[in-house]
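Contents: one structure, followed by commentary.
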Amino acid sequence: MPVSFLGILLAAIASMIVGMIWYSPLLFVKPWMRLSGIKKSGKQKGMAFSYIVMFIGTFVTAYVLAQVISFTGAFSFSEGMMIGFGVWLGFIAPTMLGIVLWESKPWALYFINAGYYLVSLLIAGLILVRWS
């Protein structure tokens, strides 16, 4: 199905911006670092590579979400958000349960990370429904 490359790019950029805010001192960086067991802050080696790989993953997610939106024929903002929510609820939220169940991480870490993906997919759904 045809999708808008520009819409996918904008959704991926928006997701990265959400992540930068979500995992910043404005919101959740301190509890996230504590709950993750990360002790070091500031710039670390390899961060550029990590951002590039994350952007590629985010771009792929936006591409697949655009395909789902195109396939369903969604055209309103609420439909885009509903699809983003459905993808989160059906694929992201259950998959991420492993950090609590198998890695013995706290529920609070699950909610911080899953919350980021929820907000990111809702915003991506808004963008992609407009640009699909």
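Naming scheme: A, B, ... for chains in displayed order of the structure tokens; residues 1 onward per chain; ligands 1 onward as shown.
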
Exercise for the section: Determine, counting only C-alpha atoms, which protein, DNA and RNA residues have an atom within 7 Å of an atom of region 11-21 of chain A; residues of the same chain fewer than 5 positions away are not included. Present the result as a list in words. Expected result: Leu26, Leu27, Phe55, Thr58, Phe59, Ala62, Tyr116, Ser120, Ala124, Ile127 and Leu128 of chain A

The selected residues should be written to file as an mmCIF file, in the first residue's frame (atoms: all heavy atoms).
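To be explicit, this is the file written out as part-v1.cif:
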```
data_model
loop_
_atom_site.group_PDB
_atom_site.id
_atom_site.type_symbol
_atom_site.label_atom_id
_atom_site.label_comp_id
_atom_site.auth_asym_id
_atom_site.auth_seq_id
_atom_site.Cartn_x
_atom_site.Cartn_y
_atom_site.Cartn_z
ATOM 1 N N LEU A 26 13.291 16.758 32.715
ATOM 2 C CA LEU A 26 11.932 17.286 32.819
ATOM 3 C C LEU A 26 10.931 16.230 33.275
ATOM 4 O O LEU A 26 9.946 16.545 33.936
ATOM 5 C CB LEU A 26 11.470 17.852 31.475
ATOM 6 C CG LEU A 26 12.194 19.078 30.953
ATOM 7 C CD1 LEU A 26 11.732 19.405 29.540
ATOM 8 C CD2 LEU A 26 11.936 20.260 31.883
ATOM 9 N N LEU A 27 11.191 14.971 32.906
ATOM 10 C CA LEU A 27 10.224 13.924 33.228
ATOM 11 C C LEU A 27 10.852 12.759 33.988
ATOM 12 O O LEU A 27 10.877 12.778 35.201
ATOM 13 C CB LEU A 27 9.522 13.435 31.953
ATOM 14 C CG LEU A 27 8.599 14.460 31.281
ATOM 15 C CD1 LEU A 27 8.002 13.902 30.003
ATOM 16 C CD2 LEU A 27 7.491 14.900 32.217
ATOM 17 N N PHE A 55 16.892 5.539 15.743
ATOM 18 C CA PHE A 55 16.112 6.229 14.718
ATOM 19 C C PHE A 55 15.680 5.249 13.624
ATOM 20 O O PHE A 55 14.540 5.310 13.147
ATOM 21 C CB PHE A 55 16.891 7.395 14.107
ATOM 22 C CG PHE A 55 16.078 8.142 13.103
ATOM 23 C CD1 PHE A 55 15.093 9.021 13.516
ATOM 24 C CD2 PHE A 55 16.265 7.944 11.747
ATOM 25 C CE1 PHE A 55 14.302 9.695 12.594
ATOM 26 C CE2 PHE A 55 15.490 8.613 10.814
ATOM 27 C CZ PHE A 55 14.511 9.497 11.244
ATOM 28 N N THR A 58 12.843 3.295 14.994
ATOM 29 C CA THR A 58 11.668 4.157 15.075
ATOM 30 C C THR A 58 11.074 4.382 13.687
ATOM 31 O O THR A 58 9.857 4.402 13.516
ATOM 32 C CB THR A 58 12.050 5.497 15.733
ATOM 33 O OG1 THR A 58 12.580 5.213 17.024
ATOM 34 C CG2 THR A 58 10.866 6.412 15.878
ATOM 35 N N PHE A 59 11.929 4.531 12.691
ATOM 36 C CA PHE A 59 11.482 4.709 11.316
ATOM 37 C C PHE A 59 10.726 3.459 10.848
ATOM 38 O O PHE A 59 9.666 3.560 10.212
ATOM 39 C CB PHE A 59 12.678 5.000 10.401
ATOM 40 C CG PHE A 59 12.294 5.383 9.017
ATOM 41 C CD1 PHE A 59 12.040 6.701 8.700
ATOM 42 C CD2 PHE A 59 12.185 4.424 8.019
ATOM 43 C CE1 PHE A 59 11.672 7.069 7.406
ATOM 44 C CE2 PHE A 59 11.823 4.777 6.729
ATOM 45 C CZ PHE A 59 11.565 6.102 6.416
ATOM 46 N N ALA A 62 7.348 3.417 12.437
ATOM 47 C CA ALA A 62 6.468 4.392 11.782
ATOM 48 C C ALA A 62 6.010 3.872 10.421
ATOM 49 O O ALA A 62 4.843 4.065 10.038
ATOM 50 C CB ALA A 62 7.184 5.728 11.646
ATOM 51 N N TYR A 116 6.251 5.694 27.393
ATOM 52 C CA TYR A 116 6.914 6.373 26.269
ATOM 53 C C TYR A 116 6.384 5.839 24.945
ATOM 54 O O TYR A 116 6.044 6.609 24.047
ATOM 55 C CB TYR A 116 8.438 6.197 26.334
ATOM 56 C CG TYR A 116 9.074 6.351 24.988
ATOM 57 C CD1 TYR A 116 9.120 7.593 24.354
ATOM 58 C CD2 TYR A 116 9.565 5.248 24.298
ATOM 59 C CE1 TYR A 116 9.662 7.736 23.086
ATOM 60 C CE2 TYR A 116 10.112 5.381 23.039
ATOM 61 C CZ TYR A 116 10.160 6.620 22.431
ATOM 62 O OH TYR A 116 10.685 6.755 21.175
ATOM 63 N N SER A 120 4.348 7.907 22.135
ATOM 64 C CA SER A 120 4.994 7.959 20.826
ATOM 65 C C SER A 120 4.077 7.427 19.721
ATOM 66 O O SER A 120 3.954 8.031 18.645
ATOM 67 C CB SER A 120 6.294 7.147 20.876
ATOM 68 O OG SER A 120 6.952 7.169 19.651
ATOM 69 N N ALA A 124 2.472 9.404 16.640
ATOM 70 C CA ALA A 124 2.745 8.892 15.287
ATOM 71 C C ALA A 124 1.442 8.620 14.538
ATOM 72 O O ALA A 124 1.327 8.927 13.353
ATOM 73 C CB ALA A 124 3.596 7.622 15.372
ATOM 74 N N ILE A 127 0.111 11.900 13.265
ATOM 75 C CA ILE A 127 0.887 12.401 12.122
ATOM 76 C C ILE A 127 0.598 11.576 10.879
ATOM 77 O O ILE A 127 0.341 12.111 9.800
ATOM 78 C CB ILE A 127 2.387 12.403 12.447
ATOM 79 C CG1 ILE A 127 2.698 13.440 13.529
ATOM 80 C CG2 ILE A 127 3.230 12.649 11.198
ATOM 81 C CD1 ILE A 127 4.086 13.335 14.114
ATOM 82 N N LEU A 128 0.631 10.267 11.026
ATOM 83 C CA LEU A 128 0.522 9.384 9.862
ATOM 84 C C LEU A 128 -0.862 9.388 9.237
ATOM 85 O O LEU A 128 -0.982 9.252 8.022
ATOM 86 C CB LEU A 128 0.935 7.965 10.249
ATOM 87 C CG LEU A 128 2.420 7.834 10.552
ATOM 88 C CD1 LEU A 128 2.711 6.487 11.206
ATOM 89 C CD2 LEU A 128 3.263 8.024 9.307
#
```

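Using only C-alpha atoms, the residues found no farther than 12 Å from Tyr117 (chain A), other than those of its own chain fewer than 5 positions away, are A:Ala14, A:Ser15, A:Met16, A:Val18, A:Gly19, A:Trp22, A:Tyr23, A:Thr58, A:Thr61, A:Ala62, A:Gly84, A:Phe85, A:Gly86, A:Val87, A:Trp88, A:Leu89, A:Phe91, A:Ile92, A:Ala93, A:Thr95, A:Met96, A:Tyr110, A:Phe111, A:Ile112, A:Leu122, A:Ile123, A:Ala124, A:Gly125.
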
Handout entry: One-decimal distance in Å that lies between CA of Val119 (chain A) and CA of Gln67 (chain A)
Key = 19.1 Å

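Atom pair CA of Trp131 (chain A) / CA of Ser4 (chain A) has a distance of 6.0 Å (rounded to one decimal).
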
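Among the residues of region 39-77 of chain A, backbone DSSP assigns alpha helix (DSSP H) to A:Met47, A:Ala48, A:Phe49, A:Ser50, A:Tyr51, A:Ile52, A:Val53, A:Met54, A:Phe55, A:Ile56, A:Gly57, A:Thr58, A:Phe59, A:Val60, A:Thr61, A:Ala62, A:Tyr63, A:Val64, A:Leu65, A:Ala66, A:Gln67, A:Val68, A:Ile69, A:Ser70, A:Phe71, A:Thr72, A:Phe77.
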
Who sits within 12 Å of Val3 (chain A), only C-alpha atoms, same chain under 2 positions skipped, as an mmCIF file with N, CA and C atoms, in the first residue's frame:
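Written output follows (out.cif):
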```
data_model
loop_
_atom_site.group_PDB
_atom_site.id
_atom_site.type_symbol
_atom_site.label_atom_id
_atom_site.label_comp_id
_atom_site.auth_asym_id
_atom_site.auth_seq_id
_atom_site.Cartn_x
_atom_site.Cartn_y
_atom_site.Cartn_z
ATOM 1 N N MET A 1 0.837 -1.169 0.000
ATOM 2 C CA MET A 1 0.000 0.000 0.000
ATOM 3 C C MET A 1 0.888 1.241 0.000
ATOM 4 N N PHE A 5 6.373 8.894 2.547
ATOM 5 C CA PHE A 5 7.712 8.868 3.135
ATOM 6 C C PHE A 5 7.883 10.052 4.081
ATOM 7 N N LEU A 6 7.372 11.206 3.703
ATOM 8 C CA LEU A 6 7.479 12.392 4.555
ATOM 9 C C LEU A 6 6.736 12.182 5.871
ATOM 10 N N GLY A 7 5.548 11.613 5.820
ATOM 11 C CA GLY A 7 4.798 11.336 7.034
ATOM 12 C C GLY A 7 5.538 10.368 7.949
ATOM 13 N N ILE A 8 6.122 9.338 7.369
ATOM 14 C CA ILE A 8 6.897 8.364 8.140
ATOM 15 C C ILE A 8 8.102 9.041 8.778
ATOM 16 N N LEU A 9 8.784 9.866 8.017
ATOM 17 C CA LEU A 9 9.945 10.598 8.534
ATOM 18 C C LEU A 9 9.539 11.525 9.678
ATOM 19 N N ALA A 62 7.348 3.417 12.437
ATOM 20 C CA ALA A 62 6.468 4.392 11.782
ATOM 21 C C ALA A 62 6.010 3.872 10.421
ATOM 22 N N TYR A 63 6.904 3.201 9.695
ATOM 23 C CA TYR A 63 6.545 2.643 8.388
ATOM 24 C C TYR A 63 5.434 1.600 8.535
ATOM 25 N N VAL A 64 5.603 0.687 9.495
ATOM 26 C CA VAL A 64 4.599 -0.357 9.701
ATOM 27 C C VAL A 64 3.280 0.255 10.168
ATOM 28 N N LEU A 65 3.350 1.218 11.075
ATOM 29 C CA LEU A 65 2.137 1.896 11.529
ATOM 30 C C LEU A 65 1.450 2.602 10.355
ATOM 31 N N ALA A 66 2.229 3.219 9.467
ATOM 32 C CA ALA A 66 1.651 3.860 8.273
ATOM 33 C C ALA A 66 0.957 2.832 7.387
ATOM 34 N N GLN A 67 1.544 1.647 7.269
ATOM 35 C CA GLN A 67 0.916 0.584 6.477
ATOM 36 C C GLN A 67 -0.419 0.167 7.092
ATOM 37 N N VAL A 68 -0.448 0.031 8.407
ATOM 38 C CA VAL A 68 -1.684 -0.352 9.091
ATOM 39 C C VAL A 68 -2.750 0.729 8.900
ATOM 40 N N ILE A 69 -2.351 1.971 9.057
ATOM 41 C CA ILE A 69 -3.294 3.084 8.874
ATOM 42 C C ILE A 69 -3.817 3.119 7.447
ATOM 43 N N SER A 70 -2.917 2.929 6.486
ATOM 44 C CA SER A 70 -3.325 2.920 5.082
ATOM 45 C C SER A 70 -4.258 1.742 4.799
ATOM 46 N N PHE A 71 -3.930 0.581 5.321
ATOM 47 C CA PHE A 71 -4.731 -0.618 5.100
ATOM 48 C C PHE A 71 -6.140 -0.477 5.664
ATOM 49 N N GLY A 73 -7.726 2.325 6.121
ATOM 50 C CA GLY A 73 -8.439 3.455 5.543
ATOM 51 C C GLY A 73 -8.769 4.542 6.549
ATOM 52 N N LEU A 128 0.631 10.267 11.026
ATOM 53 C CA LEU A 128 0.522 9.384 9.862
ATOM 54 C C LEU A 128 -0.862 9.388 9.237
ATOM 55 N N VAL A 129 -1.905 9.561 10.035
ATOM 56 C CA VAL A 129 -3.243 9.606 9.463
ATOM 57 C C VAL A 129 -3.402 10.850 8.587
ATOM 58 N N ARG A 130 -2.687 11.897 8.950
ATOM 59 C CA ARG A 130 -2.733 13.131 8.155
ATOM 60 C C ARG A 130 -1.893 13.030 6.876
ATOM 61 N N TRP A 131 -0.785 12.293 6.947
ATOM 62 C CA TRP A 131 0.171 12.230 5.844
ATOM 63 C C TRP A 131 0.095 10.941 5.045
ATOM 64 N N SER A 132 -0.888 10.068 5.325
ATOM 65 C CA SER A 132 -0.978 8.790 4.586
ATOM 66 C C SER A 132 -1.753 8.944 3.309
#
```

Hey, what's within 9 Å of Trp32 (chain A) if we count only C-alpha atoms and toss same-chain stuff fewer than 4 positions away? As a PDB file with N, CA and C atoms, in the first residue's frame, please?
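Generated file (around_3.pdb):
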```pdb
ATOM      1  N   TYR A  23      12.705  10.946  28.529  1.00  0.00           N
ATOM      2  CA  TYR A  23      13.871  10.482  29.282  1.00  0.00           C
ATOM      3  C   TYR A  23      14.827  11.632  29.588  1.00  0.00           C
ATOM      4  N   PHE A  28      11.371  11.756  33.308  1.00  0.00           N
ATOM      5  CA  PHE A  28      11.631  10.478  33.962  1.00  0.00           C
ATOM      6  C   PHE A  28      13.086  10.018  34.000  1.00  0.00           C
ATOM      7  N   SER A  36      16.622   1.262  36.226  1.00  0.00           N
ATOM      8  CA  SER A  36      17.366   0.484  35.228  1.00  0.00           C
ATOM      9  C   SER A  36      18.720   0.035  35.753  1.00  0.00           C
ATOM     10  N   GLY A  37      19.164   0.644  36.844  1.00  0.00           N
ATOM     11  CA  GLY A  37      20.483   0.329  37.376  1.00  0.00           C
ATOM     12  C   GLY A  37      21.601   1.053  36.664  1.00  0.00           C
ATOM     13  N   ILE A  38      21.276   2.156  35.996  1.00  0.00           N
ATOM     14  CA  ILE A  38      22.272   2.952  35.293  1.00  0.00           C
ATOM     15  C   ILE A  38      22.800   3.997  36.259  1.00  0.00           C
ATOM     16  N   ALA A 108       7.469  -0.102  38.020  1.00  0.00           N
ATOM     17  CA  ALA A 108       7.603   1.327  37.704  1.00  0.00           C
ATOM     18  C   ALA A 108       8.422   1.534  36.431  1.00  0.00           C
ATOM     19  N   LEU A 109       9.466   0.720  36.226  1.00  0.00           N
ATOM     20  CA  LEU A 109      10.269   0.820  35.002  1.00  0.00           C
ATOM     21  C   LEU A 109       9.434   0.427  33.787  1.00  0.00           C
ATOM     22  N   ILE A 112       7.185   3.384  32.957  1.00  0.00           N
ATOM     23  CA  ILE A 112       7.922   4.493  32.332  1.00  0.00           C
ATOM     24  C   ILE A 112       8.190   4.175  30.865  1.00  0.00           C
ATOM     25  N   ASN A 113       8.737   2.994  30.601  1.00  0.00           N
ATOM     26  CA  ASN A 113       9.091   2.635  29.220  1.00  0.00           C
ATOM     27  C   ASN A 113       7.861   2.412  28.349  1.00  0.00           C
TER      28      ASN A 113
END
```
